Amino acid sequence: MGPFEYLVIGTLVVLAGVFLWHLLKPEFGALTWIWRILFSVCLLASMPVVFVLMAFSNLNHGFLYGVLYCIGATLWLIFFILKEGGRLRRGIYFLFVGLTAALLAAAVGVQEYQDFRFDAAPSVFSQIGVEAYLPYGENTQVAKLNNTASLQLKKDLPVLDGDSAFYPMYASFARAVYPNAAYDPQSSVVRASDTETAYQNLLAGKVNLIFVTEPSVQLTKALNSQKINLKMTPIAKEGLVFFTNAANPVNNLRAEDIKKIYAKEVTNWRDLGGKSQEILAFQHPKNSGAQTVMENFMNDIVMTKPLIQKDASDPKSYSGEVISYKNEKNAVGYGFRVQMADMLKNEQIKILSLNDVQASRENMQNKTYPVLFDVYAVTADNPDENTQKFVDWMLTEEGQKLVKDMGYVPVK
């Protein structure tokens with residue numbers, strides 16, 4: 001072999017090392033705009049169109065970037081050496097041109113497949129229903145008193161609404177106090193929705209009593225600006241839990257780790273004792289109960305922007321809708337303990353310990369778990385007689401027993 005062949009082989013060995021570095025350290029594969037432009041210039045030797053594709057595409061697979069970068073850099077080297085090259089050298093050049101084109105097509109294909117699979121995967125929270133907790137449903141899983149409750153409402157029933165995460169609790173209240181009937185969670189006097197909708201329904205006078213977390217900062221400002229006063233009575237506590245894919249080797253995180261993840265100060269599971277994978281951190285929509293509790297947990301630390309759903313009509317644009325948790329192998333999310341442990345029961349999802357404390361029912365109820373928050377029964381400032389009686393009854397021994405039996409934390 002002549003000097004040229006040795007030079008090419010040596011260059012390929014060096015570039016192969018760079019490629020392996022991309023494989024072993026994938027967090028460095030997410031190229032910045034500067035790296036994208038430099039990378040595109042490398043490929044310009046064989047494929048001018050690649051400049052546009054790579055500078056403006058959404059490809060994010062580090063190892064494919066590594067492959068294309070190495071081959072592109074080699075092409076530039078060969079291009080200048082082969083200006084007066086013979087047939088063999090030109091053959092080597094065109095071999096690399098074809099390989100570059102094939103790998104670029106593979107990069108685009110893999111990315112498109114990954115995007116399709118991710119978009120098609122259902123949100124975990126969409127799998128959580130309240131049908132198993134209807135107050136008088138067949139085989140209902142609500143908690144029940146051994147004896148007839150001391151409060152019995154026969155008419156003028158308060159219309160209830162609330163976050164579906166708390167539905168098992170207030171459905172248990174309804175079974176104890178309301179007449180035996182079919183209560184549809186969409187349209188009856190015992191409804192289920194989400195925190196923001198429940199507040200809106202209460203303010204609009206559509207319901208009498210809601211079961212929610214405290215209002216978000218935005219909602220609080222809106223209430224204050226309209227000079228609306230609400231009566232908020234803590235009736236239970238619940239835990240904010242963090243979870244990941246069951247295959248993730250990480251079992252415990254510190255509160256500081258969670259805050260660093262959602263402030264984007266820690267971006268790879270390797271830094272937390274896991275595999276070398278970029279952390280895919282899911283959030284909840286603004287004004288939702290879980291997001292409000294999480295923002296309170298973060299305190300003054302600003303959370304990174306949430307993952308946003310692509311617009312179905314235009315894959316290159318975004319709808320503005322926050323993507324709910326999808327159980328990817330590198331994912332992390334948060335929610336409420338009863339919702340995730342009792343209502344969902346998904347063996348592919350692992351609830352993480354926090355500060356070495358398991359997120360168990362027992363640790364919630366003995367208050368050793370680090371992140372507990374109040375669940376409120378919220379009414380207008382001057383509720384009607386039956387609504388106030390019902391709220392007062394929830395704080396009795398009977399009401400608090402149902403709170404505990406349903407897996408929440410009593411306040412008394």
# chains A, B, ... in the order shown; residues from 1 in each chain; ligands from 1
>>> residues_around(residues="Gly273 in chain A", least_positions_apart="5", cutoff="10 Å", atoms="only C-alpha atoms", output="number ranges by chain")
A: 248-253, 268
>>> closest_atom_pairs(of="range 150-176 of chain A", to="range 366-388 of chain A", cutoff="8 Å", atoms="only C-alpha atoms", output="CSV")
residue,atom,partner,partner_atom,distance
A:Leu153,CA,A:Asn386,CA,7.6
A:Asp156,CA,A:Asn386,CA,7.3
A:Leu157,CA,A:Asn386,CA,7.1
A:Pro158,CA,A:Thr387,CA,5.6
>>> write_last_selection(atoms="all heavy atoms", output="tab-separated table (two decimals), in the first residue's frame")
chain	number	residue	atom	x	y	z
A	153	LEU	N	-78.31	12.20	53.26
A	153	LEU	CA	-78.96	13.24	52.44
A	153	LEU	C	-79.89	12.57	51.44
A	153	LEU	O	-79.46	11.69	50.68
A	153	LEU	CB	-77.90	14.07	51.70
A	153	LEU	CG	-76.92	14.86	52.58
A	153	LEU	CD1	-75.90	15.59	51.71
A	153	LEU	CD2	-77.64	15.83	53.49
A	156	ASP	N	-82.05	17.47	47.54
A	156	ASP	CA	-81.16	18.64	47.40
A	156	ASP	C	-79.69	18.22	47.55
A	156	ASP	O	-78.93	18.82	48.33
A	156	ASP	CB	-81.52	19.72	48.42
A	156	ASP	CG	-82.93	20.26	48.22
A	156	ASP	OD1	-83.38	20.33	47.05
A	156	ASP	OD2	-83.58	20.60	49.23
A	157	LEU	N	-79.33	17.19	46.83
A	157	LEU	CA	-77.97	16.66	46.93
A	157	LEU	C	-76.97	17.67	46.35
A	157	LEU	O	-77.16	18.17	45.22
A	157	LEU	CB	-77.85	15.34	46.18
A	157	LEU	CG	-78.78	14.20	46.63
A	157	LEU	CD1	-78.58	12.98	45.74
A	157	LEU	CD2	-78.54	13.85	48.09
A	158	PRO	N	-75.90	17.97	47.08
A	158	PRO	CA	-74.86	18.81	46.50
A	158	PRO	C	-74.26	18.15	45.26
A	158	PRO	O	-74.00	16.94	45.25
A	158	PRO	CB	-73.82	18.92	47.62
A	158	PRO	CG	-74.58	18.62	48.88
A	158	PRO	CD	-75.62	17.62	48.49
>>> residues_around(residues="Lys412 in chain A", least_positions_apart="5", cutoff="10 Å", atoms="only C-alpha atoms", output="list in words")
Ile235, Ala236, Leu395, Thr396, Glu397, Gly399, Gln400 and Lys401 of chain A
>>> atom_distance(atom1="CA of Lys154 in chain A", atom2="CA of Thr195 in chain A")
27.5 Å
>>> residues_around(residues="range 259-267 of chain A", least_positions_apart="6", cutoff="9 Å", atoms="only C-alpha atoms", output="PyMOL selection string")
chain A and resi 27+277-283+297-298+301-305
>>> write_last_selection(atoms="N, CA and C atoms", output="short mmCIF file (atom, residue, chain, number, x, y, z; two decimals), in the first residue's frame")
data_model
loop_
_atom_site.label_atom_id
_atom_site.label_comp_id
_atom_site.auth_asym_id
_atom_site.auth_seq_id
_atom_site.Cartn_x
_atom_site.Cartn_y
_atom_site.Cartn_z
N GLU A 27 -25.25 11.81 25.18
CA GLU A 27 -25.75 13.14 25.46
C GLU A 27 -25.00 14.20 24.67
N GLN A 277 -28.45 7.27 29.13
CA GLN A 277 -29.58 7.63 28.30
C GLN A 277 -30.04 9.04 28.67
N GLU A 278 -30.42 9.78 27.64
CA GLU A 278 -30.97 11.10 27.90
C GLU A 278 -32.28 10.97 28.68
N ILE A 279 -32.49 11.80 29.69
CA ILE A 279 -33.71 11.74 30.50
C ILE A 279 -34.85 12.43 29.75
N LEU A 280 -35.95 11.70 29.59
CA LEU A 280 -37.14 12.23 28.95
C LEU A 280 -38.13 12.58 30.06
N ALA A 281 -38.17 13.85 30.44
CA ALA A 281 -38.93 14.31 31.61
C ALA A 281 -40.29 14.85 31.19
N PHE A 282 -41.34 14.15 31.58
CA PHE A 282 -42.71 14.56 31.23
C PHE A 282 -43.29 15.47 32.32
N GLN A 283 -44.20 16.34 31.90
CA GLN A 283 -44.89 17.23 32.82
C GLN A 283 -46.40 17.11 32.61
N PHE A 297 -43.48 22.07 44.78
CA PHE A 297 -42.34 21.26 45.19
C PHE A 297 -41.03 21.87 44.69
N MET A 298 -41.05 22.40 43.47
CA MET A 298 -39.84 23.01 42.89
C MET A 298 -39.50 24.32 43.59
N ILE A 301 -37.40 27.29 41.94
CA ILE A 301 -36.63 26.80 40.79
C ILE A 301 -37.54 26.75 39.56
N VAL A 302 -37.10 27.36 38.49
CA VAL A 302 -37.90 27.42 37.26
C VAL A 302 -37.81 26.08 36.53
N MET A 303 -38.96 25.52 36.21
CA MET A 303 -39.00 24.25 35.48
C MET A 303 -38.72 24.49 34.00
N THR A 304 -38.08 23.50 33.38
CA THR A 304 -37.86 23.56 31.95
C THR A 304 -39.20 23.48 31.22
N LYS A 305 -39.22 23.88 29.97
CA LYS A 305 -40.47 23.84 29.20
C LYS A 305 -40.91 22.39 29.00
#
>>> residues_around(residues="Glu196 in chain A", least_positions_apart="3", cutoff="8 Å", atoms="only C-alpha atoms", output="PyMOL selection string")
chain A and resi 199-200+287-289
>>> select_by_dssp(residues="range 127-276 of chain A", states="alpha helix (DSSP H)", output="number ranges by chain")
A: 167-177, 195-203, 217-225, 255-262
>>> write_last_selection(atoms="C-alpha atoms", output="PDB file, in the first residue's frame")
ATOM      1  CA  TYR A 167     -62.711  10.466  42.731  1.00  0.00           C
ATOM      2  CA  PRO A 168     -62.277   7.198  44.698  1.00  0.00           C
ATOM      3  CA  MET A 169     -62.375   9.227  47.917  1.00  0.00           C
ATOM      4  CA  TYR A 170     -65.396  11.411  47.223  1.00  0.00           C
ATOM      5  CA  ALA A 171     -67.233   8.532  45.553  1.00  0.00           C
ATOM      6  CA  SER A 172     -66.818   6.713  48.876  1.00  0.00           C
ATOM      7  CA  PHE A 173     -68.314   9.744  50.622  1.00  0.00           C
ATOM      8  CA  ALA A 174     -71.247   9.700  48.196  1.00  0.00           C
ATOM      9  CA  ARG A 175     -71.912   6.007  48.756  1.00  0.00           C
ATOM     10  CA  ALA A 176     -72.049   6.582  52.511  1.00  0.00           C
ATOM     11  CA  VAL A 177     -74.301   9.666  52.417  1.00  0.00           C
ATOM     12  CA  THR A 195     -58.694  20.348  38.637  1.00  0.00           C
ATOM     13  CA  GLU A 196     -59.016  23.305  36.247  1.00  0.00           C
ATOM     14  CA  THR A 197     -62.418  22.183  34.942  1.00  0.00           C
ATOM     15  CA  ALA A 198     -63.707  21.576  38.461  1.00  0.00           C
ATOM     16  CA  TYR A 199     -62.763  25.108  39.544  1.00  0.00           C
ATOM     17  CA  GLN A 200     -64.423  26.518  36.423  1.00  0.00           C
ATOM     18  CA  ASN A 201     -67.606  24.534  37.104  1.00  0.00           C
ATOM     19  CA  LEU A 202     -67.711  25.768  40.688  1.00  0.00           C
ATOM     20  CA  LEU A 203     -67.235  29.395  39.642  1.00  0.00           C
ATOM     21  CA  VAL A 217     -50.775  30.768  40.696  1.00  0.00           C
ATOM     22  CA  GLN A 218     -52.578  31.766  37.503  1.00  0.00           C
ATOM     23  CA  LEU A 219     -55.984  30.705  38.825  1.00  0.00           C
ATOM     24  CA  THR A 220     -55.360  32.421  42.160  1.00  0.00           C
ATOM     25  CA  LYS A 221     -54.587  35.680  40.346  1.00  0.00           C
ATOM     26  CA  ALA A 222     -57.785  35.326  38.327  1.00  0.00           C
ATOM     27  CA  LEU A 223     -59.836  34.735  41.488  1.00  0.00           C
ATOM     28  CA  ASN A 224     -58.265  37.728  43.211  1.00  0.00           C
ATOM     29  CA  SER A 225     -58.805  39.998  40.226  1.00  0.00           C
ATOM     30  CA  ALA A 255     -35.560  15.518  46.077  1.00  0.00           C
ATOM     31  CA  GLU A 256     -32.589  17.534  44.799  1.00  0.00           C
ATOM     32  CA  ASP A 257     -32.204  15.106  41.876  1.00  0.00           C
ATOM     33  CA  ILE A 258     -35.816  15.635  40.843  1.00  0.00           C
ATOM     34  CA  LYS A 259     -35.407  19.383  40.946  1.00  0.00           C
ATOM     35  CA  LYS A 260     -32.229  19.202  38.851  1.00  0.00           C
ATOM     36  CA  ILE A 261     -33.959  16.981  36.279  1.00  0.00           C
ATOM     37  CA  TYR A 262     -36.843  19.401  35.840  1.00  0.00           C
TER      38      TYR A 262
END
>>> select_by_dssp(residues="range 254-289 of chain A", states="strand (DSSP E or B)", output="number ranges by chain")
A: 268, 278, 280-281
>>> atom_distance(atom1="CA of Glu328 in chain A", atom2="CA of Thr213 in chain A")
28.1 Å
>>> closest_residue(among="A:Tyr408, A:Tyr325, A:Phe336, A:Tyr178", to="Ser150 in chain A", atoms="only C-alpha atoms")
A:Tyr178
>>> closest_residue(among="A:Ala246, A:Ser164, A:Leu240, A:Ile210", to="Phe390 in chain A", atoms="only C-alpha atoms")
A:Ile210
>>> residues_around(residues="Pro185 in chain A", least_positions_apart="2", cutoff="10 Å", atoms="only C-alpha atoms", output="CSV table (one decimal) with all heavy atoms, in the first residue's frame")
chain,number,residue,atom,x,y,z
A,130,VAL,N,-62.3,6.0,36.1
A,130,VAL,CA,-63.0,6.0,37.4
A,130,VAL,C,-64.1,5.0,37.4
A,130,VAL,O,-64.8,4.9,38.5
A,130,VAL,CB,-63.5,7.4,37.7
A,130,VAL,CG1,-62.4,8.4,37.7
A,130,VAL,CG2,-64.6,7.8,36.6
A,131,GLU,N,-64.3,4.2,36.4
A,131,GLU,CA,-65.5,3.3,36.3
A,131,GLU,C,-65.5,2.3,37.5
A,131,GLU,O,-66.5,1.8,37.9
A,131,GLU,CB,-65.5,2.6,35.0
A,131,GLU,CG,-65.9,3.5,33.8
A,131,GLU,CD,-64.8,4.4,33.4
A,131,GLU,OE1,-63.6,4.2,33.8
A,131,GLU,OE2,-65.1,5.4,32.7
A,133,TYR,N,-64.8,2.8,40.4
A,133,TYR,CA,-65.1,3.5,41.7
A,133,TYR,C,-66.4,4.2,41.7
A,133,TYR,O,-66.6,5.1,42.5
A,133,TYR,CB,-64.0,4.5,42.0
A,133,TYR,CG,-62.6,3.8,42.1
A,133,TYR,CD1,-61.8,3.7,41.0
A,133,TYR,CD2,-62.1,3.3,43.3
A,133,TYR,CE1,-60.5,3.1,41.0
A,133,TYR,CE2,-60.9,2.7,43.4
A,133,TYR,CZ,-60.1,2.6,42.2
A,133,TYR,OH,-58.9,2.0,42.3
A,134,LEU,N,-67.4,3.8,40.9
A,134,LEU,CA,-68.7,4.4,40.9
A,134,LEU,C,-69.3,4.1,42.3
A,134,LEU,O,-69.2,2.9,42.8
A,134,LEU,CB,-69.6,3.8,39.8
A,134,LEU,CG,-69.1,4.0,38.4
A,134,LEU,CD1,-70.0,3.4,37.4
A,134,LEU,CD2,-68.9,5.5,38.1
A,135,PRO,N,-70.0,5.0,42.9
A,135,PRO,CA,-70.5,4.9,44.3
A,135,PRO,C,-71.3,3.6,44.5
A,135,PRO,O,-71.0,2.9,45.5
A,135,PRO,CB,-71.4,6.1,44.5
A,135,PRO,CG,-70.7,7.1,43.6
A,135,PRO,CD,-70.3,6.4,42.4
A,160,LEU,N,-71.3,17.3,43.0
A,160,LEU,CA,-69.9,17.1,43.3
A,160,LEU,C,-69.1,17.0,42.0
A,160,LEU,O,-69.5,16.5,41.0
A,160,LEU,CB,-69.6,15.8,44.1
A,160,LEU,CG,-70.5,15.6,45.3
A,160,LEU,CD1,-70.1,14.3,46.0
A,160,LEU,CD2,-70.4,16.7,46.3
A,161,ASP,N,-67.9,17.6,42.0
A,161,ASP,CA,-66.9,17.5,40.9
A,161,ASP,C,-65.5,17.5,41.5
A,161,ASP,O,-65.4,17.8,42.7
A,161,ASP,CB,-67.1,18.6,39.9
A,161,ASP,CG,-66.5,18.4,38.6
A,161,ASP,OD1,-65.9,17.3,38.4
A,161,ASP,OD2,-66.5,19.3,37.7
A,164,SER,N,-60.1,13.7,38.9
A,164,SER,CA,-60.3,12.2,38.9
A,164,SER,C,-59.4,11.5,39.8
A,164,SER,O,-59.7,10.3,40.2
A,164,SER,CB,-60.2,11.7,37.4
A,164,SER,OG,-58.9,11.9,36.9
A,167,TYR,N,-61.4,11.0,42.9
A,167,TYR,CA,-62.7,10.5,42.7
A,167,TYR,C,-63.0,9.3,43.6
A,167,TYR,O,-64.0,9.1,44.2
A,167,TYR,CB,-63.0,10.1,41.3
A,167,TYR,CG,-64.3,9.6,41.0
A,167,TYR,CD1,-65.4,10.4,40.8
A,167,TYR,CD2,-64.6,8.2,40.9
A,167,TYR,CE1,-66.7,9.9,40.5
A,167,TYR,CE2,-65.9,7.7,40.7
A,167,TYR,CZ,-66.9,8.6,40.5
A,167,TYR,OH,-68.2,8.1,40.2
A,171,ALA,N,-66.2,9.5,45.9
A,171,ALA,CA,-67.2,8.5,45.6
A,171,ALA,C,-67.6,7.7,46.8
A,171,ALA,O,-68.7,7.3,47.0
A,171,ALA,CB,-66.8,7.7,44.4
A,182,ALA,N,-77.7,5.2,40.3
A,182,ALA,CA,-76.6,5.2,39.3
A,182,ALA,C,-76.1,6.6,39.2
A,182,ALA,O,-76.8,7.6,38.8
A,182,ALA,CB,-77.1,4.7,38.0
A,183,TYR,N,-74.8,6.8,39.4
A,183,TYR,CA,-74.2,8.2,39.4
A,183,TYR,C,-73.2,8.2,38.2
A,183,TYR,O,-72.0,7.7,38.4
A,183,TYR,CB,-73.5,8.5,40.7
A,183,TYR,CG,-74.5,8.7,41.8
A,183,TYR,CD1,-74.7,7.7,42.8
A,183,TYR,CD2,-75.3,9.8,42.0
A,183,TYR,CE1,-75.6,7.8,43.8
A,183,TYR,CE2,-76.2,9.9,43.0
A,183,TYR,CZ,-76.4,8.9,43.9
A,183,TYR,OH,-77.3,9.1,44.9
A,187,SER,N,-72.2,13.2,34.1
A,187,SER,CA,-73.4,14.1,34.1
A,187,SER,C,-74.3,14.0,35.4
A,187,SER,O,-75.2,14.8,35.5
A,187,SER,CB,-74.3,13.7,32.9
A,187,SER,OG,-74.7,12.4,32.9
A,188,SER,N,-73.9,13.2,36.3
A,188,SER,CA,-74.8,13.1,37.5
A,188,SER,C,-74.3,14.1,38.6
A,188,SER,O,-73.5,15.0,38.3
A,188,SER,CB,-74.6,11.6,38.1
A,188,SER,OG,-73.4,11.5,38.6
A,189,VAL,N,-74.8,13.9,39.8
A,189,VAL,CA,-74.4,14.8,40.9
A,189,VAL,C,-73.1,14.4,41.5
A,189,VAL,O,-72.6,15.1,42.4
A,189,VAL,CB,-75.5,14.9,42.0
A,189,VAL,CG1,-76.8,15.5,41.5
A,189,VAL,CG2,-75.7,13.5,42.6
A,190,VAL,N,-72.5,13.3,41.0
A,190,VAL,CA,-71.2,12.9,41.4
A,190,VAL,C,-70.3,12.7,40.1
A,190,VAL,O,-70.3,11.7,39.5
A,190,VAL,CB,-71.2,11.5,42.2
A,190,VAL,CG1,-69.8,11.2,42.7
A,190,VAL,CG2,-72.2,11.6,43.3
A,191,ARG,N,-69.6,13.8,39.8
A,191,ARG,CA,-68.9,13.9,38.6
A,191,ARG,C,-67.4,13.8,38.8
A,191,ARG,O,-66.9,13.9,39.9
A,191,ARG,CB,-69.2,15.2,37.9
A,191,ARG,CG,-70.7,15.5,37.7
A,191,ARG,CD,-70.9,16.9,37.1
A,191,ARG,NE,-72.3,17.2,37.0
A,191,ARG,CZ,-72.8,18.4,36.6
A,191,ARG,NH1,-72.0,19.3,36.3
A,191,ARG,NH2,-74.1,18.6,36.6
A,192,ALA,N,-66.7,13.6,37.7
A,192,ALA,CA,-65.2,13.5,37.7
A,192,ALA,C,-64.7,14.3,36.5
A,192,ALA,O,-65.2,14.1,35.4
A,192,ALA,CB,-64.7,12.1,37.7
A,193,SER,N,-63.7,15.2,36.7
A,193,SER,CA,-63.1,15.9,35.6
A,193,SER,C,-61.6,16.1,35.9
A,193,SER,O,-60.9,15.1,36.1
A,193,SER,CB,-63.8,17.2,35.4
A,193,SER,OG,-63.8,18.0,36.5
>>> closest_residue(among="A:Gly137, A:Met394, A:Gln226, A:Asn180", to="Phe211 in chain A", atoms="only C-alpha atoms")
A:Met394
